[in-house]
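To be precise, the following lines are model.txt, and they hold compact mmCIF, C-alpha atoms.
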# COMPACT_ATOMS: atom_id res chain seq x y z
CA MET A 1 38.88 3.15 -23.82
CA HIS A 2 37.17 2.23 -27.08
CA ASP A 3 33.39 1.86 -26.66
CA LEU A 4 33.40 3.33 -23.16
CA ARG A 5 29.90 4.49 -22.31
CA PRO A 6 30.25 7.56 -20.06
CA SER A 7 27.93 7.94 -17.10
CA ALA A 8 24.95 10.15 -17.86
CA VAL A 9 23.52 10.83 -14.41
CA ALA A 10 26.48 10.50 -12.01
CA GLY A 11 26.57 13.50 -9.71
CA SER A 12 22.83 14.09 -10.05
CA TRP A 13 20.88 10.85 -9.71
CA TYR A 14 23.57 9.34 -7.51
CA PRO A 15 26.82 10.60 -5.93
CA GLY A 16 29.57 11.36 -8.42
CA SER A 17 32.52 10.51 -6.16
CA GLN A 18 33.76 7.01 -5.44
CA ALA A 19 33.77 7.42 -1.68
CA ARG A 20 30.30 8.98 -1.42
CA LEU A 21 28.74 6.48 -3.80
CA ALA A 22 30.24 3.49 -1.98
CA GLU A 23 29.03 4.93 1.31
CA ALA A 24 25.50 5.41 -0.05
CA VAL A 25 25.25 1.89 -1.48
CA ASP A 26 26.64 0.35 1.70
CA ALA A 27 24.13 2.27 3.81
CA HIS A 28 21.19 1.09 1.72
CA ILE A 29 22.37 -2.53 1.88
CA ALA A 30 22.93 -2.35 5.64
CA ALA A 31 19.42 -0.98 6.17
CA ALA A 32 17.72 -3.73 4.14
CA SER A 33 16.42 -6.75 6.04
CA ASP A 34 18.38 -9.94 5.59
CA SER A 35 16.91 -13.03 3.94
CA SER A 36 17.67 -16.70 4.32
CA ARG A 37 17.50 -17.06 0.55
CA SER A 38 20.34 -16.02 -1.71
CA CYS A 39 21.77 -16.23 -5.22
CA PRO A 40 18.60 -15.83 -7.30
CA ARG A 41 18.53 -16.39 -11.05
CA ALA A 42 16.88 -12.99 -11.55
CA ILE A 43 15.97 -9.85 -9.68
CA ILE A 44 13.75 -6.85 -10.36
CA ALA A 45 14.86 -3.45 -9.07
CA PRO A 46 13.73 0.18 -9.50
CA HIS A 47 15.73 2.87 -11.25
CA ALA A 48 14.86 6.26 -9.77
CA GLY A 49 17.42 8.49 -8.07
CA LEU A 50 19.47 6.46 -5.60
CA MET A 51 18.20 8.30 -2.53
CA TYR A 52 14.60 7.48 -3.51
CA SER A 53 14.68 3.96 -4.95
CA GLY A 54 17.90 2.74 -3.37
CA PRO A 55 16.25 1.72 -0.07
CA VAL A 56 13.94 -0.61 -2.01
CA ALA A 57 16.46 -1.85 -4.59
CA ALA A 58 18.79 -2.84 -1.74
CA TYR A 59 16.42 -5.64 -0.73
CA ALA A 60 17.06 -7.35 -4.07
CA TYR A 61 20.77 -6.59 -4.25
CA ARG A 62 21.38 -7.78 -0.68
CA LEU A 63 20.62 -11.31 -1.95
CA VAL A 64 23.38 -11.27 -4.57
CA ARG A 65 26.22 -9.64 -2.67
CA GLN A 66 28.01 -12.90 -1.82
CA CYS A 67 27.16 -14.81 -5.00
CA ALA A 68 29.69 -15.97 -7.58
CA TYR A 69 28.03 -14.67 -10.74
CA THR A 70 30.06 -14.72 -13.93
CA ALA A 71 27.96 -12.10 -15.75
CA VAL A 72 24.99 -9.81 -15.24
CA VAL A 73 22.36 -9.11 -17.91
CA LEU A 74 20.62 -5.75 -17.47
CA VAL A 75 17.27 -5.13 -19.20
CA GLY A 76 15.60 -1.74 -18.93
CA PRO A 77 13.20 0.53 -20.81
CA SER A 78 14.08 3.44 -23.07
CA HIS A 79 12.84 6.74 -21.66
CA HIS A 80 14.30 9.10 -24.29
CA VAL A 81 14.47 7.31 -27.65
CA GLY A 82 11.61 5.53 -29.37
CA PHE A 83 12.60 2.57 -31.52
CA ASP A 84 11.62 -0.97 -32.40
CA GLY A 85 13.40 -3.89 -30.75
CA VAL A 86 16.16 -3.97 -28.16
CA SER A 87 19.50 -2.16 -28.22
CA VAL A 88 22.55 -4.02 -26.90
CA TRP A 89 25.79 -2.33 -25.88
CA ALA A 90 27.94 -5.08 -27.30
CA ARG A 91 31.50 -4.33 -26.20
CA GLY A 92 33.76 -2.08 -24.15
CA ALA A 93 32.72 -0.89 -20.70
CA TRP A 94 30.40 1.45 -18.79
CA ASP A 95 32.03 4.15 -16.70
CA THR A 96 30.98 4.67 -13.07
CA PRO A 97 32.48 6.52 -10.10
CA LEU A 98 33.36 3.06 -8.73
CA GLY A 99 35.36 2.24 -11.86
CA ALA A 100 34.57 0.99 -15.35
CA VAL A 101 32.28 -2.04 -15.53
CA PRO A 102 33.30 -4.28 -18.46
CA VAL A 103 30.83 -5.60 -21.01
CA ALA A 104 30.56 -9.38 -21.42
CA ASP A 105 31.05 -9.14 -25.16
CA GLU A 106 30.76 -12.86 -25.96
CA LEU A 107 27.49 -13.18 -24.04
CA ALA A 108 26.19 -9.96 -25.60
CA SER A 109 26.91 -11.35 -29.06
CA ALA A 110 25.25 -14.64 -28.14
CA VAL A 111 22.05 -12.86 -27.04
CA ALA A 112 22.00 -10.82 -30.25
CA ALA A 113 22.54 -13.96 -32.32
CA GLU A 114 19.40 -15.49 -30.81
CA SER A 115 17.02 -12.74 -31.95
CA SER A 116 16.87 -10.31 -34.84
CA ASP A 117 15.11 -7.91 -32.45
CA VAL A 118 18.41 -7.34 -30.61
CA VAL A 119 20.51 -4.76 -32.47
CA GLU A 120 23.23 -2.22 -31.78
CA TYR A 121 21.73 1.25 -31.46
CA PRO A 122 24.08 3.30 -29.26
CA ALA A 123 21.82 6.38 -29.25
CA ALA A 124 19.34 4.48 -27.08
CA HIS A 125 21.96 4.26 -24.31
CA ALA A 126 23.35 7.79 -24.41
CA ARG A 127 21.00 9.48 -21.92
CA GLU A 128 19.25 6.42 -20.55
CA HIS A 129 19.22 6.00 -16.76
CA SER A 130 17.31 2.74 -16.37
CA LEU A 131 20.42 0.57 -16.68
CA GLU A 132 22.87 3.07 -15.24
CA MET A 133 20.93 3.22 -11.96
CA GLN A 134 21.68 -0.48 -11.41
CA LEU A 135 25.43 0.01 -11.76
CA PRO A 136 26.15 1.50 -8.32
CA PHE A 137 24.90 -1.75 -6.79
CA VAL A 138 26.45 -4.02 -9.44
CA ALA A 139 29.86 -2.32 -9.32
CA ARG A 140 29.93 -2.22 -5.52
CA LEU A 141 28.56 -5.69 -4.72
CA LEU A 142 29.76 -7.68 -7.75
CA PRO A 143 33.08 -5.99 -8.58
CA GLY A 144 34.68 -7.11 -11.82
CA VAL A 145 31.61 -9.01 -13.01
CA PRO A 146 30.85 -8.02 -16.63
CA ILE A 147 27.47 -6.84 -17.85
CA VAL A 148 25.26 -7.14 -20.92
CA PRO A 149 23.31 -3.84 -21.21
CA LEU A 150 19.98 -4.14 -23.06
CA VAL A 151 17.55 -1.24 -23.56
CA MET A 152 14.06 -2.08 -24.85
CA GLY A 153 12.38 0.39 -27.18
CA HIS A 154 8.65 0.06 -27.86
CA GLN A 155 7.46 -2.48 -25.30
CA ARG A 156 5.45 -4.73 -27.57
CA ARG A 157 4.46 -8.25 -26.62
CA GLU A 158 6.44 -9.73 -29.51
CA THR A 159 9.58 -7.84 -28.50
CA ALA A 160 9.35 -8.88 -24.85
CA GLN A 161 8.73 -12.50 -25.80
CA ALA A 162 11.57 -12.59 -28.31
CA LEU A 163 14.04 -11.13 -25.83
CA GLY A 164 12.96 -13.55 -23.12
CA HIS A 165 13.53 -16.52 -25.42
CA ALA A 166 16.87 -15.12 -26.59
CA LEU A 167 18.08 -14.64 -23.03
CA ALA A 168 17.04 -18.14 -22.01
CA ARG A 169 18.77 -19.76 -24.98
CA ALA A 170 21.97 -17.74 -24.59
CA VAL A 171 22.17 -18.49 -20.86
CA ALA A 172 21.27 -22.17 -21.25
CA ALA A 173 24.12 -22.54 -23.75
CA ARG A 174 26.54 -21.65 -20.92
CA PRO A 175 25.79 -24.26 -18.25
CA GLY A 176 29.13 -23.73 -16.55
CA GLU A 177 28.45 -20.04 -15.91
CA ARG A 178 26.17 -18.38 -13.36
CA ILE A 179 24.43 -15.45 -15.01
CA LEU A 180 22.20 -13.01 -13.14
CA LEU A 181 19.27 -11.41 -14.97
CA ILE A 182 18.13 -7.97 -13.82
CA ALA A 183 14.94 -6.21 -14.91
CA SER A 184 14.92 -2.46 -14.23
CA SER A 185 11.53 -0.88 -13.68
CA ASP A 186 9.65 1.62 -11.58
CA LEU A 187 5.92 1.11 -11.06
CA SER A 188 3.04 3.61 -11.08
CA HIS A 189 3.86 7.28 -11.58
CA TYR A 190 2.42 10.37 -9.86
CA GLU A 191 -0.64 8.89 -8.16
CA ASP A 192 -1.31 9.49 -4.49
CA ALA A 193 0.28 6.80 -2.35
CA THR A 194 -2.96 4.98 -1.53
CA LEU A 195 -3.99 4.65 -5.18
CA ALA A 196 -0.42 3.82 -6.21
CA ALA A 197 -0.27 0.94 -3.74
CA ARG A 198 -3.56 -0.42 -5.05
CA VAL A 199 -2.48 -0.13 -8.68
CA ASP A 200 0.97 -1.58 -8.01
CA ALA A 201 -0.41 -4.53 -6.04
CA VAL A 202 -1.72 -5.95 -9.31
CA VAL A 203 1.81 -5.99 -10.74
CA LEU A 204 3.24 -7.49 -7.56
CA ARG A 205 0.74 -10.36 -7.75
CA ARG A 206 1.63 -11.09 -11.39
CA VAL A 207 5.33 -11.16 -10.55
CA GLU A 208 4.89 -13.49 -7.57
CA ALA A 209 2.77 -15.80 -9.74
CA LEU A 210 5.48 -15.81 -12.43
CA ASP A 211 2.68 -14.75 -14.76
CA ALA A 212 4.62 -13.11 -17.57
CA ASP A 213 1.73 -13.29 -20.02
CA GLY A 214 -0.72 -11.83 -17.51
CA LEU A 215 1.69 -9.01 -16.74
CA MET A 216 2.12 -8.27 -20.45
CA THR A 217 -1.66 -8.08 -20.88
CA LEU A 218 -1.84 -5.70 -17.93
CA ILE A 219 0.88 -3.46 -19.37
CA GLU A 220 -0.79 -3.42 -22.78
CA ARG A 221 -4.05 -2.32 -21.18
CA GLU A 222 -2.54 0.18 -18.73
CA PRO A 223 1.08 1.18 -19.49
CA ARG A 224 1.11 3.34 -16.35
CA HIS A 225 1.47 0.19 -14.23
CA ALA A 226 5.23 -0.12 -14.87
CA CYS A 227 7.56 1.90 -17.09
CA GLY A 228 9.74 -1.21 -17.47
CA GLY A 229 6.94 -3.72 -17.80
CA GLY A 230 8.35 -5.16 -21.01
CA PRO A 231 11.79 -5.79 -19.46
CA ILE A 232 10.14 -7.47 -16.46
CA VAL A 233 8.18 -9.74 -18.81
CA SER A 234 11.35 -10.65 -20.73
CA VAL A 235 13.27 -11.52 -17.57
CA LEU A 236 10.38 -13.52 -16.11
CA ARG A 237 10.01 -15.45 -19.38
CA ALA A 238 13.73 -16.21 -19.48
CA ALA A 239 13.75 -17.32 -15.85
CA ILE A 240 10.79 -19.64 -16.40
CA GLU A 241 12.41 -21.20 -19.47
CA LEU A 242 15.57 -21.70 -17.40
CA GLY A 243 13.60 -23.72 -14.85
CA CYS A 244 12.73 -21.17 -12.17
CA THR A 245 9.59 -21.94 -10.17
CA GLU A 246 9.44 -19.28 -7.45
CA ALA A 247 9.24 -15.50 -7.34
CA ARG A 248 9.03 -13.30 -4.28
CA VAL A 249 8.39 -9.60 -3.82
CA LEU A 250 10.97 -8.55 -1.24
CA ARG A 251 9.95 -4.94 -0.73
CA TYR A 252 7.45 -2.37 -1.93
CA GLY A 253 7.68 1.35 -1.35
CA ASP A 254 7.26 4.72 -2.99
CA SER A 255 9.09 8.01 -3.37
CA GLY A 256 7.03 9.55 -0.59
CA ASP A 257 8.77 7.29 1.91
CA VAL A 258 11.82 9.52 1.39
CA SER A 259 10.35 12.86 0.31
CA GLY A 260 7.47 12.83 2.76
CA ASP A 261 5.07 13.87 -0.02
CA LYS A 262 2.47 11.14 -0.40
CA SER A 263 0.22 13.14 -2.73
CA SER A 264 2.15 12.24 -5.92
CA VAL A 265 4.51 9.28 -5.78
CA VAL A 266 6.44 6.78 -7.90
CA GLY A 267 6.10 3.15 -6.85
CA TYR A 268 9.10 0.87 -6.37
CA MET A 269 9.42 -2.92 -6.15
CA ALA A 270 12.27 -5.25 -5.33
CA ALA A 271 11.73 -8.89 -6.26
CA ALA A 272 13.74 -12.06 -6.85
CA VAL A 273 13.25 -15.25 -8.86
CA TRP A 274 14.69 -18.69 -8.16

Would you kindly transcribe this structure into structure tokens?
Amino acid sequence: MHDLRPSAVAGSWYPGSQARLAEAVDAHIAAASDSSRSCPRAIIAPHAGLMYSGPVAAYAYRLVRQCAYTAVVLVGPSHHVGFDGVSVWARGAWDTPLGAVPVADELASAVAAESSDVVEYPAAHAREHSLEMQLPFVARLLPGVPIVPLVMGHQRRETAQALGHALARAVAARPGERILLIASSDLSHYEDATLAARVDAVVLRRVEALDADGLMTLIEREPRHACGGGPIVSVLRAAIELGCTEARVLRYGDSGDVSGDKSSVVGYMAAAVW
């Protein structure tokens, strides 16, 4: 298929076979506590290896599994390529063991049209895992729903603000559609679990307060707080502009919950916005 983005971490960060991946996603969803709330406008989910962050991410994805979304916008950080602005994968599909996930090309073009910061830079997507790690859940729970993949380069305040505004305007222009926004981010890296929880609690409070500006200030001062802080800010800003008034942290955990090593962990958060 033209413009098919091949999976970069299938078989390593998550199972490479359809049956094993479906089984893993289903197990994570089944283990997550249920919630009386559903169908959020936006969620925040981590992007580490599925066995580590999947148990936390499932708390966010459990809310969307029976929702009639027409498209999903994925916003994540660039870990491998430094660049200014945001790279959109504008057409085609993303390959996964659960089948190819189509790109919502019209919505992708609409987002790009709203901001000169959004450009096509395929190299930013080639090795990037931050968006790909959301696809096992998206492909399994929202089959056939197209995506808009967006990778943020340097996480500057102006970039995060511009993308948030662009997302809000592009979504608002489609009142008949139900579009889910997803921010992909892990939290603190390689602190002991006690310190990580203390550091991450500051981010959790900003998210629950829908304080996008406060979170951006925090990330500017201490980038270690969240590798995808800029994407979180963009999604929170878009959600606020679209009329959302409530955010809730659904689950917090760290890699040591799975590995057993609490001396050096990565923090994970699942959250939703209505």

Would you pick out the contacts of Pro6 in chain A at 9 Å or less, using all atoms listed in the file, so that residues sharing its chain but fewer than 2 positions from it are not included, and give the list as a PDB file with C-alpha atoms, in the coordinates of the input?
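Produced file out.pdb, reproduced below:
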ATOM      1  CA  LEU A   4      33.400   3.330 -23.160  1.00  0.00           C
ATOM      2  CA  ALA A   8      24.950  10.150 -17.860  1.00  0.00           C
ATOM      3  CA  ALA A  93      32.720  -0.890 -20.700  1.00  0.00           C
ATOM      4  CA  TRP A  94      30.400   1.450 -18.790  1.00  0.00           C
ATOM      5  CA  ASP A  95      32.030   4.150 -16.700  1.00  0.00           C
ATOM      6  CA  THR A  96      30.980   4.670 -13.070  1.00  0.00           C
ATOM      7  CA  ALA A 126      23.350   7.790 -24.410  1.00  0.00           C
TER       8      ALA A 126
END

Nearest to Leu215 in chain A, restricted to only C-alpha atoms and choosing among A:Thr245, A:Gln161, A:Ser115, A:Gln66, comes out as A:Gln161

Please provide as a PyMOL selection string all residues within 10 Å of Ile179 in chain A, with the sequence filter that same-chain residues fewer than 3 positions apart are discarded (counting only C-alpha atoms). chain A and resi 40-42+68-73+107+145-147+171-172+174-176+182

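Among A:Arg248, A:His165, A:His129, A:His154, the residue with the shortest atom-to-atom distance to Glu208 in chain A, counting only C-alpha atoms, is A:Arg248.
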
One residue among A:Ala112, A:Leu142, A:Ala196, A:Ala45 is nearest to Cys67 in chain A when using all atoms listed in the file, and that residue is A:Leu142

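In this structure, CA of Asp105 in chain A sits 19.1 Å away from CA of Ser7 in chain A.
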
Just want the 12 Å neighbourhood of Val203 in chain A, counted on all atoms listed in the file, with same-chain residues fewer than 6 positions away dropped. Output as an mmCIF file with C-alpha atoms, in the frame of the given file.
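Contents of result-v3.cif, freshly written:
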data_model
loop_
_atom_site.group_PDB
_atom_site.id
_atom_site.type_symbol
_atom_site.label_atom_id
_atom_site.label_comp_id
_atom_site.auth_asym_id
_atom_site.auth_seq_id
_atom_site.Cartn_x
_atom_site.Cartn_y
_atom_site.Cartn_z
ATOM 1 C CA ILE A 44 13.750 -6.850 -10.360
ATOM 2 C CA SER A 185 11.530 -0.880 -13.680
ATOM 3 C CA ASP A 186 9.650 1.620 -11.580
ATOM 4 C CA LEU A 187 5.920 1.110 -11.060
ATOM 5 C CA SER A 188 3.040 3.610 -11.080
ATOM 6 C CA ALA A 196 -0.420 3.820 -6.210
ATOM 7 C CA ALA A 197 -0.270 0.940 -3.740
ATOM 8 C CA ALA A 209 2.770 -15.800 -9.740
ATOM 9 C CA LEU A 210 5.480 -15.810 -12.430
ATOM 10 C CA ASP A 211 2.680 -14.750 -14.760
ATOM 11 C CA ALA A 212 4.620 -13.110 -17.570
ATOM 12 C CA ASP A 213 1.730 -13.290 -20.020
ATOM 13 C CA GLY A 214 -0.720 -11.830 -17.510
ATOM 14 C CA LEU A 215 1.690 -9.010 -16.740
ATOM 15 C CA MET A 216 2.120 -8.270 -20.450
ATOM 16 C CA THR A 217 -1.660 -8.080 -20.880
ATOM 17 C CA LEU A 218 -1.840 -5.700 -17.930
ATOM 18 C CA ILE A 219 0.880 -3.460 -19.370
ATOM 19 C CA GLU A 222 -2.540 0.180 -18.730
ATOM 20 C CA PRO A 223 1.080 1.180 -19.490
ATOM 21 C CA ARG A 224 1.110 3.340 -16.350
ATOM 22 C CA HIS A 225 1.470 0.190 -14.230
ATOM 23 C CA ALA A 226 5.230 -0.120 -14.870
ATOM 24 C CA CYS A 227 7.560 1.900 -17.090
ATOM 25 C CA GLY A 228 9.740 -1.210 -17.470
ATOM 26 C CA GLY A 229 6.940 -3.720 -17.800
ATOM 27 C CA ILE A 232 10.140 -7.470 -16.460
ATOM 28 C CA VAL A 233 8.180 -9.740 -18.810
ATOM 29 C CA VAL A 249 8.390 -9.600 -3.820
ATOM 30 C CA TYR A 252 7.450 -2.370 -1.930
ATOM 31 C CA GLY A 267 6.100 3.150 -6.850
ATOM 32 C CA TYR A 268 9.100 0.870 -6.370
ATOM 33 C CA MET A 269 9.420 -2.920 -6.150
ATOM 34 C CA ALA A 270 12.270 -5.250 -5.330
ATOM 35 C CA ALA A 271 11.730 -8.890 -6.260
#

Please provide the set of residues having any atom within 12 Å of Gly11 in chain A, restricted to all atoms listed in the file, with same-chain residues fewer than 4 positions apart removed, written as an mmCIF file with C-alpha atoms, in the coordinates of the input.
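result-v8.cif, written as the output of this step:
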data_model
loop_
_atom_site.group_PDB
_atom_site.id
_atom_site.type_symbol
_atom_site.label_atom_id
_atom_site.label_comp_id
_atom_site.auth_asym_id
_atom_site.auth_seq_id
_atom_site.Cartn_x
_atom_site.Cartn_y
_atom_site.Cartn_z
ATOM 1 C CA SER A 7 27.930 7.940 -17.100
ATOM 2 C CA PRO A 15 26.820 10.600 -5.930
ATOM 3 C CA GLY A 16 29.570 11.360 -8.420
ATOM 4 C CA SER A 17 32.520 10.510 -6.160
ATOM 5 C CA GLN A 18 33.760 7.010 -5.440
ATOM 6 C CA ARG A 20 30.300 8.980 -1.420
ATOM 7 C CA LEU A 21 28.740 6.480 -3.800
ATOM 8 C CA GLY A 49 17.420 8.490 -8.070
ATOM 9 C CA LEU A 50 19.470 6.460 -5.600
ATOM 10 C CA THR A 96 30.980 4.670 -13.070
ATOM 11 C CA PRO A 97 32.480 6.520 -10.100
ATOM 12 C CA MET A 133 20.930 3.220 -11.960
#

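Of the listed residues A:Val258, A:Val9, A:Ala58, A:Val64, the one whose atoms come nearest to Leu131 in chain A is A:Val9, with distances taken using only C-alpha atoms.
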
One residue among A:Leu242, A:Ser33, A:Ala22, A:Lys262 is nearest to Gly99 in chain A when using all atoms listed in the file, and that residue is A:Ala22

- Can you tell me, as a PyMOL selection string, what residues are no more than 10 Å from Glu158 in chain A when counting only C-alpha atoms, ignoring any on the same chain fewer than 6 positions away? chain A and resi 85+117+164+230

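With only C-alpha atoms as the atoms that count, the minimum distance from His79 in chain A to the choices A:Val138, A:Ala123, A:Ala193, A:Ala166 is reached by A:Ala123.
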
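Note that the spacing between CA of Ile43 in chain A and CA of Val273 in chain A amounts to 6.1 Å.
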